[in-house]
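A.B. asks: Handing over structure_31.txt, compact mmCIF, C-alpha atoms.
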```
# COMPACT_ATOMS: atom_id res chain seq x y z
CA MET H 23 2.64 -41.98 24.19
CA GLN H 24 -0.89 -41.85 22.86
CA SER H 25 -3.86 -42.28 25.14
CA ASN H 26 -6.46 -44.93 24.41
CA GLU H 27 -8.93 -42.13 23.83
CA GLU H 28 -6.72 -40.63 21.13
CA ILE H 29 -6.31 -43.95 19.36
CA ARG H 30 -10.02 -44.73 19.46
CA LEU H 31 -11.28 -41.27 18.47
CA ARG H 32 -8.70 -40.92 15.71
CA ALA H 33 -9.71 -44.23 14.14
CA LEU H 34 -13.39 -43.20 14.24
CA MET H 35 -12.63 -39.75 12.85
CA LEU H 36 -10.69 -41.14 9.91
CA LYS H 37 -13.44 -43.63 9.10
CA GLY H 38 -16.00 -40.86 9.38
CA LEU H 39 -14.03 -38.68 6.98
CA ASP H 40 -14.12 -41.60 4.55
CA GLY H 41 -17.91 -41.45 4.64
CA ASP H 42 -18.73 -44.01 7.38
CA ALA H 43 -21.75 -42.35 9.03
CA GLY H 44 -21.83 -44.85 11.91
CA ALA H 45 -18.21 -44.17 12.78
CA HIS H 46 -18.84 -40.45 12.50
CA ARG H 47 -21.70 -40.72 14.96
CA ALA H 48 -19.61 -42.77 17.38
CA PHE H 49 -16.89 -40.17 17.00
CA LEU H 50 -19.25 -37.31 17.88
CA GLU H 51 -20.51 -39.29 20.88
CA GLY H 52 -16.92 -39.82 21.99
CA VAL H 53 -16.25 -36.10 21.63
CA ALA H 54 -19.34 -35.30 23.72
CA ALA H 55 -18.17 -37.66 26.47
CA LEU H 56 -14.68 -36.19 26.33
CA LEU H 57 -15.80 -32.55 26.53
CA ARG H 58 -18.84 -32.63 28.79
CA GLY H 59 -16.72 -32.51 31.93
CA TYR H 60 -14.47 -29.86 30.40
CA PHE H 61 -17.40 -27.50 29.85
CA ARG H 62 -19.13 -28.36 33.15
CA ARG H 63 -16.05 -27.29 35.05
CA ARG H 64 -15.97 -23.97 33.21
CA ALA H 65 -19.54 -22.89 32.48
CA ALA H 66 -21.89 -21.09 34.85
CA ASP H 67 -24.34 -24.00 35.06
CA PRO H 68 -24.93 -27.42 33.47
CA ALA H 69 -27.37 -26.05 30.88
CA GLU H 70 -24.83 -23.52 29.66
CA ALA H 71 -22.21 -26.27 29.57
CA GLU H 72 -24.52 -28.36 27.41
CA ASP H 73 -25.10 -25.41 25.06
CA LEU H 74 -21.35 -24.97 24.70
CA LEU H 75 -20.94 -28.68 24.09
CA GLN H 76 -23.55 -28.60 21.33
CA GLU H 77 -21.99 -25.56 19.67
CA THR H 78 -18.65 -27.34 19.76
CA LEU H 79 -20.12 -30.51 18.26
CA ILE H 80 -21.61 -28.51 15.39
CA ALA H 81 -18.27 -26.76 14.85
CA ILE H 82 -16.41 -30.05 14.90
CA HIS H 83 -18.88 -31.53 12.44
CA THR H 84 -19.09 -28.63 9.98
CA ARG H 85 -15.37 -27.83 10.15
CA ARG H 86 -13.98 -31.33 10.10
CA THR H 87 -11.86 -30.56 7.04
CA SER H 88 -9.77 -28.42 9.40
CA TYR H 89 -8.43 -31.60 11.00
CA ASP H 90 -4.94 -32.54 9.85
CA PRO H 91 -4.64 -36.36 10.15
CA LYS H 92 -0.91 -36.06 10.76
CA TYR H 93 -1.59 -34.65 14.24
CA PRO H 94 -3.53 -35.93 17.29
CA VAL H 95 -7.28 -35.58 16.96
CA THR H 96 -7.71 -34.82 20.68
CA ALA H 97 -5.48 -31.76 20.31
CA TRP H 98 -7.72 -30.58 17.47
CA ILE H 99 -10.88 -31.24 19.50
CA HIS H 100 -9.56 -29.38 22.52
CA ALA H 101 -8.40 -26.42 20.44
CA ILE H 102 -11.92 -26.03 19.02
CA ALA H 103 -13.56 -26.52 22.43
CA ARG H 104 -11.30 -23.89 23.99
CA TYR H 105 -12.05 -21.50 21.14
CA ARG H 106 -15.83 -21.91 21.60
CA LEU H 107 -15.45 -21.35 25.34
CA ILE H 108 -13.36 -18.21 24.93
CA ASP H 109 -15.70 -16.95 22.24
CA ALA H 110 -18.66 -17.43 24.59
CA TRP H 111 -16.88 -15.52 27.33
CA ARG H 112 -16.03 -12.74 24.92
CA ARG H 113 -19.65 -12.42 23.86
CA LYS H 114 -20.79 -12.38 27.49
CA LYS H 115 -18.22 -9.78 28.37
CA ARG H 116 -19.38 -7.54 25.55
CA ARG H 117 -22.85 -7.68 27.02
CA GLY H 118 -21.58 -6.86 30.49
CA VAL H 119 -22.11 -10.26 32.10
CA SER H 120 -19.35 -11.16 34.51
CA VAL H 121 -17.04 -13.91 33.39
CA PRO H 122 -17.00 -17.00 35.59
CA ILE H 123 -13.49 -17.75 36.79
CA GLU H 124 -14.45 -20.28 39.39
CA ASN H 125 -17.00 -23.01 39.51
CA ALA H 126 -20.31 -21.41 40.17
CA TRP H 127 -21.99 -24.59 41.29
CA GLU H 128 -21.03 -27.73 43.06
CA LEU H 129 -18.99 -29.91 40.74
CA HIS H 130 -20.38 -33.21 41.93
CA ASP H 131 -23.96 -32.09 41.70
CA THR H 132 -24.46 -33.86 38.42
CA PRO H 133 -22.22 -36.59 37.14
CA ASP H 134 -20.51 -35.65 33.90
CA ASP H 135 -21.92 -38.51 31.88
CA ASN H 136 -25.51 -37.50 32.54
CA GLU H 137 -27.14 -35.36 29.96
CA VAL H 138 -29.22 -32.35 30.79
CA ASP H 139 -31.44 -30.58 28.37
CA ALA H 140 -29.75 -27.69 26.70
CA ARG H 141 -31.54 -24.48 27.55
CA LEU H 142 -32.28 -23.75 23.93
CA ASP H 143 -35.09 -25.42 22.18
CA ALA H 144 -33.96 -26.20 18.67
CA ALA H 145 -37.56 -26.24 17.46
CA THR H 146 -38.07 -22.61 18.45
CA LEU H 147 -34.83 -21.59 16.78
CA LEU H 148 -35.73 -23.56 13.68
CA GLU H 149 -38.81 -21.35 13.25
CA LYS H 150 -36.54 -18.36 12.78
CA LEU H 151 -34.80 -19.81 9.74
CA PRO H 152 -35.83 -18.97 6.17
CA ALA H 153 -38.50 -21.36 4.88
CA LYS H 154 -36.26 -23.31 2.55
CA GLN H 155 -33.59 -23.99 5.18
CA ARG H 156 -36.22 -24.83 7.78
CA GLU H 157 -38.06 -27.28 5.53
CA SER H 158 -34.84 -28.94 4.36
CA ILE H 159 -33.62 -29.47 7.91
CA ARG H 160 -37.05 -30.63 9.09
CA LEU H 161 -37.44 -33.21 6.34
CA VAL H 162 -33.92 -34.60 6.28
CA LYS H 163 -32.73 -34.13 9.83
CA LEU H 164 -35.86 -34.49 11.90
CA GLU H 165 -38.03 -36.75 9.76
CA GLU H 166 -35.03 -38.74 8.57
CA LYS H 167 -35.95 -38.63 4.91
CA SER H 168 -33.21 -38.94 2.31
CA VAL H 169 -32.18 -35.89 0.35
CA ARG H 170 -33.75 -37.46 -2.74
CA GLU H 171 -37.11 -37.93 -0.98
CA ALA H 172 -36.98 -34.39 0.34
CA SER H 173 -36.28 -33.22 -3.19
CA ALA H 174 -39.30 -35.12 -4.52
CA ILE H 175 -41.54 -33.68 -1.81
CA THR H 176 -40.48 -30.07 -2.16
CA GLY H 177 -39.54 -29.94 -5.82
CA TRP H 178 -36.21 -28.34 -4.95
CA GLY H 179 -32.99 -29.75 -6.39
CA GLU H 180 -30.94 -32.19 -4.30
CA SER H 181 -27.87 -29.99 -4.16
CA ASP H 182 -30.15 -27.09 -3.35
CA ILE H 183 -31.42 -29.01 -0.32
CA LYS H 184 -27.93 -29.98 0.79
CA VAL H 185 -26.80 -26.39 0.61
CA SER H 186 -29.90 -25.24 2.50
CA ILE H 187 -29.23 -27.75 5.26
CA HIS H 188 -25.64 -26.69 5.50
CA ARG H 189 -26.53 -23.00 5.66
CA GLY H 190 -29.38 -23.66 8.04
CA LEU H 191 -27.15 -25.58 10.45
CA LYS H 192 -24.64 -22.77 10.35
CA ALA H 193 -27.35 -20.21 11.04
CA LEU H 194 -28.67 -22.38 13.89
CA ALA H 195 -25.22 -22.57 15.42
CA LYS H 196 -24.95 -18.81 15.20
CA MET H 197 -28.34 -18.31 16.84
CA MET H 198 -27.39 -20.69 19.63
CA ARG H 199 -24.24 -18.72 20.24
CA GLU H 200 -26.15 -15.48 20.35
CA GLU H 201 -28.75 -16.87 22.71
CA THR H 202 -26.18 -18.24 25.11
CA ALA H 203 -24.17 -15.04 25.10
CA MET C 33 -32.62 -30.26 22.51
CA LYS C 34 -30.80 -33.32 23.76
CA THR C 35 -27.19 -33.62 22.73
CA GLN C 36 -27.89 -37.20 21.62
CA ASP C 37 -30.45 -35.91 19.12
CA LEU C 38 -28.08 -33.29 17.83
CA ILE C 39 -25.39 -35.91 17.28
CA ALA C 40 -27.83 -38.16 15.48
CA ALA C 41 -28.92 -35.28 13.23
CA LEU C 42 -25.34 -34.28 12.47
CA ALA C 43 -24.30 -37.85 11.69
CA ARG C 44 -27.23 -38.26 9.28
CA SER C 45 -26.20 -35.33 7.16
CA GLU C 46 -25.16 -36.40 3.71
CA GLU C 47 -23.30 -33.27 2.78
CA GLN C 48 -19.70 -34.05 2.05
CA PRO C 49 -16.89 -31.66 2.94
CA LYS C 50 -16.10 -29.41 0.01
CA ARG C 51 -13.36 -30.49 -2.34
CA GLY C 52 -11.22 -28.27 -4.48
CA ARG C 53 -8.16 -26.15 -4.02
CA PRO C 54 -9.25 -23.09 -2.05
CA TRP C 55 -5.68 -21.93 -1.31
CA LEU C 56 -4.70 -21.97 -4.96
CA ALA C 57 -7.93 -20.20 -5.92
CA ALA C 58 -7.29 -17.51 -3.29
CA LEU C 59 -3.73 -16.95 -4.52
CA VAL C 60 -4.88 -16.66 -8.13
CA ILE C 61 -7.72 -14.25 -7.26
CA GLY C 62 -5.35 -12.20 -5.12
CA LEU C 63 -2.70 -12.09 -7.83
CA VAL C 64 -5.10 -11.09 -10.60
CA THR C 65 -6.60 -8.32 -8.47
CA ALA C 66 -3.21 -7.06 -7.29
CA LEU C 67 -1.93 -7.00 -10.88
CA ALA C 68 -5.01 -5.07 -11.96
CA ILE C 69 -4.44 -2.47 -9.22
CA PHE C 70 -0.77 -2.41 -10.22
CA ALA C 71 -1.54 -1.87 -13.90
CA ALA C 72 -4.15 0.81 -13.21
CA PHE C 73 -2.34 2.94 -10.61
CA ILE C 74 1.34 2.00 -10.35
CA GLY C 75 2.84 0.54 -13.51
CA PRO C 76 6.16 -1.21 -14.16
CA ARG C 77 9.51 0.55 -13.95
CA THR C 78 10.62 2.13 -17.21
CA ASP C 79 13.94 0.26 -17.42
CA MET C 80 12.34 -3.13 -16.86
CA ILE C 81 14.30 -4.98 -19.53
CA ASP C 82 17.72 -3.88 -18.29
CA ALA C 83 16.80 -4.42 -14.65
CA ILE C 84 15.15 -7.81 -15.00
CA GLY C 85 17.82 -9.52 -12.87
CA VAL C 86 17.48 -7.19 -9.93
CA VAL C 87 13.67 -7.21 -10.18
CA PHE C 88 13.86 -10.98 -9.92
CA ALA C 89 16.16 -10.74 -6.89
CA LYS C 90 13.79 -8.35 -5.11
CA ALA C 91 10.84 -10.59 -5.87
CA ALA C 92 12.76 -13.60 -4.52
CA PHE C 93 13.58 -11.69 -1.32
CA SER C 94 9.86 -10.94 -0.89
CA ALA C 95 8.95 -14.52 -1.74
CA ALA C 96 11.05 -15.73 1.20
CA PHE C 97 8.77 -13.80 3.57
CA ALA C 98 5.68 -14.96 1.74
CA SER C 99 6.58 -18.65 1.82
CA ILE C 100 7.30 -18.81 5.56
CA ALA C 101 4.25 -16.67 6.41
CA LEU C 102 2.01 -18.80 4.16
CA ALA C 103 3.23 -21.93 5.93
CA LEU C 104 2.51 -20.34 9.32
CA MET C 105 -0.93 -19.20 8.16
CA GLY C 106 -1.79 -22.69 6.92
CA ARG C 107 -0.58 -24.17 10.17
CA LEU C 108 -2.73 -21.83 12.28
CA ALA C 109 -5.84 -22.30 10.12
CA LYS C 110 -6.06 -25.95 11.22
CA PRO C 111 -5.81 -25.98 14.99
CA GLY C 112 -4.13 -28.41 17.35
CA ARG C 113 -0.77 -28.25 15.62
CA PRO C 114 2.42 -26.64 16.89
CA ALA C 115 3.25 -23.30 15.26
CA ALA C 116 6.19 -22.06 17.35
CA LYS C 117 8.90 -23.15 14.91
CA LEU C 118 7.33 -21.39 11.95
CA LEU C 119 6.72 -18.32 14.07
CA ARG C 120 10.39 -18.27 15.01
CA GLY C 121 11.26 -18.76 11.34
CA LEU C 122 9.22 -15.71 10.39
CA ALA C 123 10.84 -13.63 13.14
CA ALA C 124 14.26 -14.87 11.99
CA ILE C 125 13.75 -13.72 8.41
CA PHE C 126 12.90 -10.19 9.60
CA LEU C 127 16.03 -10.21 11.72
CA VAL C 128 18.16 -11.52 8.85
CA SER C 129 16.94 -8.78 6.53
CA LEU C 130 17.89 -6.11 9.09
CA ILE C 131 21.34 -7.68 9.40
CA ILE C 132 21.66 -7.69 5.60
CA ALA C 133 20.74 -4.00 5.55
CA ALA C 134 23.33 -3.19 8.23
CA ILE C 135 26.11 -5.12 6.45
CA ALA C 136 25.27 -3.52 3.12
CA LEU C 137 25.37 -0.07 4.69
CA MET C 138 28.74 -0.75 6.29
CA GLY C 139 30.13 -1.56 2.87
CA ASP C 140 28.89 1.74 1.48
CA ASP C 141 30.88 4.94 1.36
CA PRO C 142 29.88 6.90 4.54
CA GLY C 143 28.77 9.90 2.46
CA ALA C 144 26.48 7.73 0.35
CA ARG C 145 24.95 5.73 3.21
CA MET C 146 21.93 7.89 3.80
CA GLN C 147 21.14 7.96 0.10
CA ALA C 148 21.47 4.15 -0.17
CA TRP C 149 19.34 3.55 2.90
CA THR C 150 16.43 5.90 2.22
CA GLY C 151 16.57 5.82 -1.56
CA GLY C 152 16.57 9.61 -1.49
CA ALA C 153 12.81 9.96 -1.52
CA PHE C 154 9.70 9.06 0.41
CA PRO C 155 9.63 5.26 0.81
CA TRP C 156 6.50 4.62 -1.19
CA CYS C 157 6.82 0.90 -0.62
CA LEU C 158 5.54 1.41 2.95
CA ILE C 159 2.18 2.39 1.47
CA LEU C 160 2.17 0.47 -1.79
CA ILE C 161 3.18 -2.94 -0.36
CA PRO C 162 0.24 -3.02 2.10
CA LEU C 163 -2.04 -1.74 -0.69
CA LEU C 164 -0.98 -4.54 -3.04
CA ALA C 165 -1.20 -6.98 -0.11
CA LEU C 166 -4.87 -6.18 0.45
CA PRO C 167 -6.38 -8.39 -2.30
CA PHE C 168 -4.19 -11.33 -1.26
CA ALA C 169 -5.12 -10.84 2.40
CA LEU C 170 -8.85 -10.73 1.68
CA ALA C 171 -8.79 -13.82 -0.54
CA LEU C 172 -6.64 -15.81 1.91
CA GLY C 173 -8.66 -14.56 4.88
CA PHE C 174 -11.88 -15.94 3.45
CA VAL C 175 -10.30 -19.39 3.06
CA VAL C 176 -8.88 -19.32 6.59
CA LYS C 177 -12.30 -18.35 7.96
CA THR C 178 -13.84 -21.51 6.50
CA LEU C 179 -11.36 -23.62 8.49
CA ALA C 180 -10.96 -23.25 12.26
CA PRO C 181 -8.39 -20.65 13.33
CA THR C 182 -8.29 -20.38 17.12
CA ARG C 183 -5.57 -17.75 17.64
CA LEU C 184 -7.15 -14.99 15.65
CA ALA C 185 -4.70 -12.09 16.01
CA LEU C 186 -1.72 -14.32 15.34
CA THR C 187 -3.45 -15.92 12.36
CA GLY C 188 -4.39 -12.47 11.04
CA GLY C 189 -0.76 -11.40 11.42
CA ALA C 190 0.39 -14.43 9.45
CA ILE C 191 -2.15 -13.66 6.71
CA GLY C 192 -0.94 -10.05 6.66
CA ALA C 193 2.73 -11.06 6.46
CA ALA C 194 2.02 -13.59 3.70
CA ALA C 195 -0.02 -11.07 1.75
CA GLY C 196 2.67 -8.44 2.39
CA GLY C 197 5.33 -10.74 0.93
CA LEU C 198 3.15 -11.44 -2.10
CA GLY C 199 2.30 -7.74 -2.48
CA ALA C 200 6.02 -6.92 -2.30
CA MET C 201 6.68 -9.40 -5.13
CA VAL C 202 4.27 -7.43 -7.31
CA TYR C 203 5.66 -4.11 -6.09
CA ALA C 204 9.16 -5.22 -7.14
CA LEU C 205 8.01 -4.76 -10.76
CA HIS C 206 7.72 -1.03 -10.09
CA CYS C 207 10.21 -0.09 -7.41
CA PRO C 208 13.08 1.82 -9.09
CA ILE C 209 15.47 1.73 -6.13
CA ASP C 210 17.84 -1.23 -6.12
CA SER C 211 20.20 -0.68 -3.18
CA ILE C 212 20.37 -3.76 -0.97
CA ALA C 213 20.07 -1.74 2.24
CA PHE C 214 16.97 -0.03 0.92
CA VAL C 215 15.20 -3.22 -0.08
CA ALA C 216 16.19 -5.14 3.06
CA THR C 217 14.90 -2.35 5.29
CA TRP C 218 11.82 -0.94 3.65
CA TYR C 219 10.41 -4.07 2.04
CA ALA C 220 10.69 -5.83 5.39
CA LEU C 221 9.01 -2.86 7.07
CA GLY C 222 6.25 -2.78 4.42
CA ILE C 223 5.62 -6.48 5.06
CA ALA C 224 5.71 -5.91 8.84
CA ILE C 225 3.12 -3.13 8.49
CA SER C 226 0.91 -5.53 6.51
CA ALA C 227 1.33 -8.09 9.28
CA VAL C 228 0.29 -5.62 12.01
CA ILE C 229 -2.76 -4.50 10.02
CA GLY C 230 -3.59 -8.16 9.45
CA ALA C 231 -3.37 -8.93 13.17
CA VAL C 232 -5.66 -6.04 14.11
CA ILE C 233 -8.26 -6.83 11.44
CA GLY C 234 -7.92 -10.60 11.84
CA ALA C 235 -8.78 -10.48 15.53
CA ARG C 236 -12.30 -9.38 14.54
CA PHE C 237 -12.79 -10.54 10.97
CA LEU C 238 -11.70 -14.14 11.52
CA ARG C 239 -14.24 -14.87 14.30
CA TRP C 240 -16.46 -17.85 13.69
```
So that I can check it, write out the structure of this file as structure tokens.

C.D. replies:
Amino acid sequence: MQSNEEIRLRALMLKGLDGDAGAHRAFLEGVAALLRGYFRRRAADPAEAEDLLQETLIAIHTRRTSYDPKYPVTAWIHAIARYRLIDAWRRKKRRGVSVPIENAWELHDTPDDNEVDARLDAATLLEKLPAKQRESIRLVKLEEKSVREASAITGWGESDIKVSIHRGLKALAKMMREETA
Amino acid sequence: MKTQDLIAALARSEEQPKRGRPWLAALVIGLVTALAIFAAFIGPRTDMIDAIGVVFAKAAFSAAFASIALALMGRLAKPGRPAAKLLRGLAAIFLVSLIIAAIALMGDDPGARMQAWTGGAFPWCLILIPLLALPFALALGFVVKTLAPTRLALTGGAIGAAAGGLGAMVYALHCPIDSIAFVATWYALGIAISAVIGAVIGARFLRW
């Protein structure tokens, strides 16, 4: 028996994989709604939970070819979320921070569907990237220019820009993980 | 950064997931490298032409390990899918090869058993199978790392076992000892050693 959530998210995921950006966005929003509570119940505080959620969203986006459409998408999402959580604990442990086993704050403090600001400011992290990756992400992701426009502005090739964005996002995800650890 | 903004930025990205056949590429790169190591340091057995049938049989035995381990590895690289059946299948093939070894030894003349089992010399396959497995393991490991393995030690073990089976297929071109008990014992052990090394290295190397 499949849950409504599974049916809805799976349909969005498959459309997104076919190149439907709107469906992909709705899918990521659905994932965020699905996982926010999961991380809030397990992280030390809401900001850390939001960091974990964002790391997971990036992983789900950049590794979406690791989804096998023959199996439930919610199982895939939860496997990745659990991995990010365990990985965060492992990094904390290595640095000698105690691992939270129980809820460190009152669960009903903040409703799960409310967003809090993640502790990390993406703009600060962006500054740490190499110039090409930073510019590519700034133009295409933040200023919403097309890759072609960004190419015209910078003089870099289109595929060059796509690769820079991809690498930059990966590097950002890594930095976020290191900062939260 | 608000999660909403992150989602919007991710959804705007135009980069398409990479196409191509990474598994096939990894197998080809692994095979070419393993054959180069083989040609440079090991070399084929001298009676290759007469022994072609038994070489083929030994390679097929190794291929059985490789195929189940490759399936398990592929299963674990994309998470959220059950892997228990394939894991049991891999365990079963190790068990079967030990049973084959025991039956073959029982059929041997008691005086000749030790000779048939150990091959009468140091079992080089315990070192050479993991060595020939290494290029396969590295190439496959890089592909797995681009996906989303979540059980790292287990995935590393599957990579090691798959690479061990593939390495044993190459090693079969050299190995001069043809007794069934020998092959069923020491090839399986060589592949098992590759799997253990894979699990230990995988637990660190496969992190993402």

A.B. asks: Quick check: residues of chain C within 10 Å of chain H, only C-alpha atoms, returned as a VMD selection string.

C.D. replies: chain C and resid 33 to 51 107 109 to 114 176 178 to 184 239 to 240

A.B. asks: Enter the distance from atom CA of Thr187 of chain C to atom CA of Val232 of chain C, in Å, rounded to one decimal.

C.D. replies: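 Atom CA of Val232 of chain C lies at a distance of 10.3 Å from atom CA of Thr187 of chain C.
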
A.B. asks: Counting only C-alpha atoms, what are the residues of segment 54-120 of chain C within 12 Å of segment 145-162 of chain C, and for each of them which pair of atoms is the nearest and at what distance in Å, to one decimal? Sort the table by chain and rising number, as a Markdown table.

C.D. replies:
```
| residue | atom | partner | partner_atom | distance |
| --- | --- | --- | --- | --- |
| C:Ala66 | CA | C:Ile161 | CA | 10.3 |
| C:Ile69 | CA | C:Leu160 | CA | 10.4 |
| C:Phe70 | CA | C:Leu160 | CA | 9.4 |
| C:Phe73 | CA | C:Leu160 | CA | 10.2 |
| C:Ile74 | CA | C:Leu160 | CA | 8.7 |
| C:Gly75 | CA | C:Leu160 | CA | 11.7 |
| C:Ser94 | CA | C:Ile161 | CA | 10.4 |
```

A.B. asks: Calculated over all atoms listed in the file, which of the candidates C:Ala133, C:Ala169, C:Ala101, C:Val215 has the smallest distance to Val87 of chain C?

C.D. replies: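 Closest to Val87 of chain C of all the choices is C:Val215.
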
A.B. asks: Could you work out how far atom CA of Ala216 of chain C lies from atom CA of Ala116 of chain C, giving the answer in Å with one decimal?

C.D. replies: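 That distance, rounded to one decimal, is 24.3 Å.
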
A.B. asks: So the first atom is atom CA of Ala195 of chain C and the second is atom CA of Leu63 of chain C; what is the distance between them in Å, to one decimal place?

C.D. replies: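 Those two atoms sit 10.0 Å apart.
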
A.B. asks: What's around Leu107 of chain H at 9 Å? Count all atoms listed in the file, leave out sequence neighbours fewer than 3 positions away in its own chain, and write the answer as an MDAnalysis selection string.

C.D. replies: chainID H and resid 61 64:65 74 78 102:104 110:112

A.B. asks: Which is closest to Ile209 of chain C among C:Val60, C:Val228, C:Ala83, C:Leu221, if we use only C-alpha atoms?

C.D. replies: C:Ala83

A.B. asks: For Ala200 of chain C, which residue among C:Ala95, C:Ala224, C:Ile229, C:Val64 is the nearest when counting all atoms listed in the file?

C.D. replies: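 That would be C:Ala95, the residue with the smallest distance to Ala200 of chain C.
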
A.B. asks: Counting all atoms listed in the file, which of C:Leu130, C:Leu186, C:Ile61, C:Met201 gets nearest to Met105 of chain C?

C.D. replies: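 Of C:Leu130, C:Leu186, C:Ile61, C:Met201, the one nearest Met105 of chain C, counting all atoms listed in the file, is C:Leu186.
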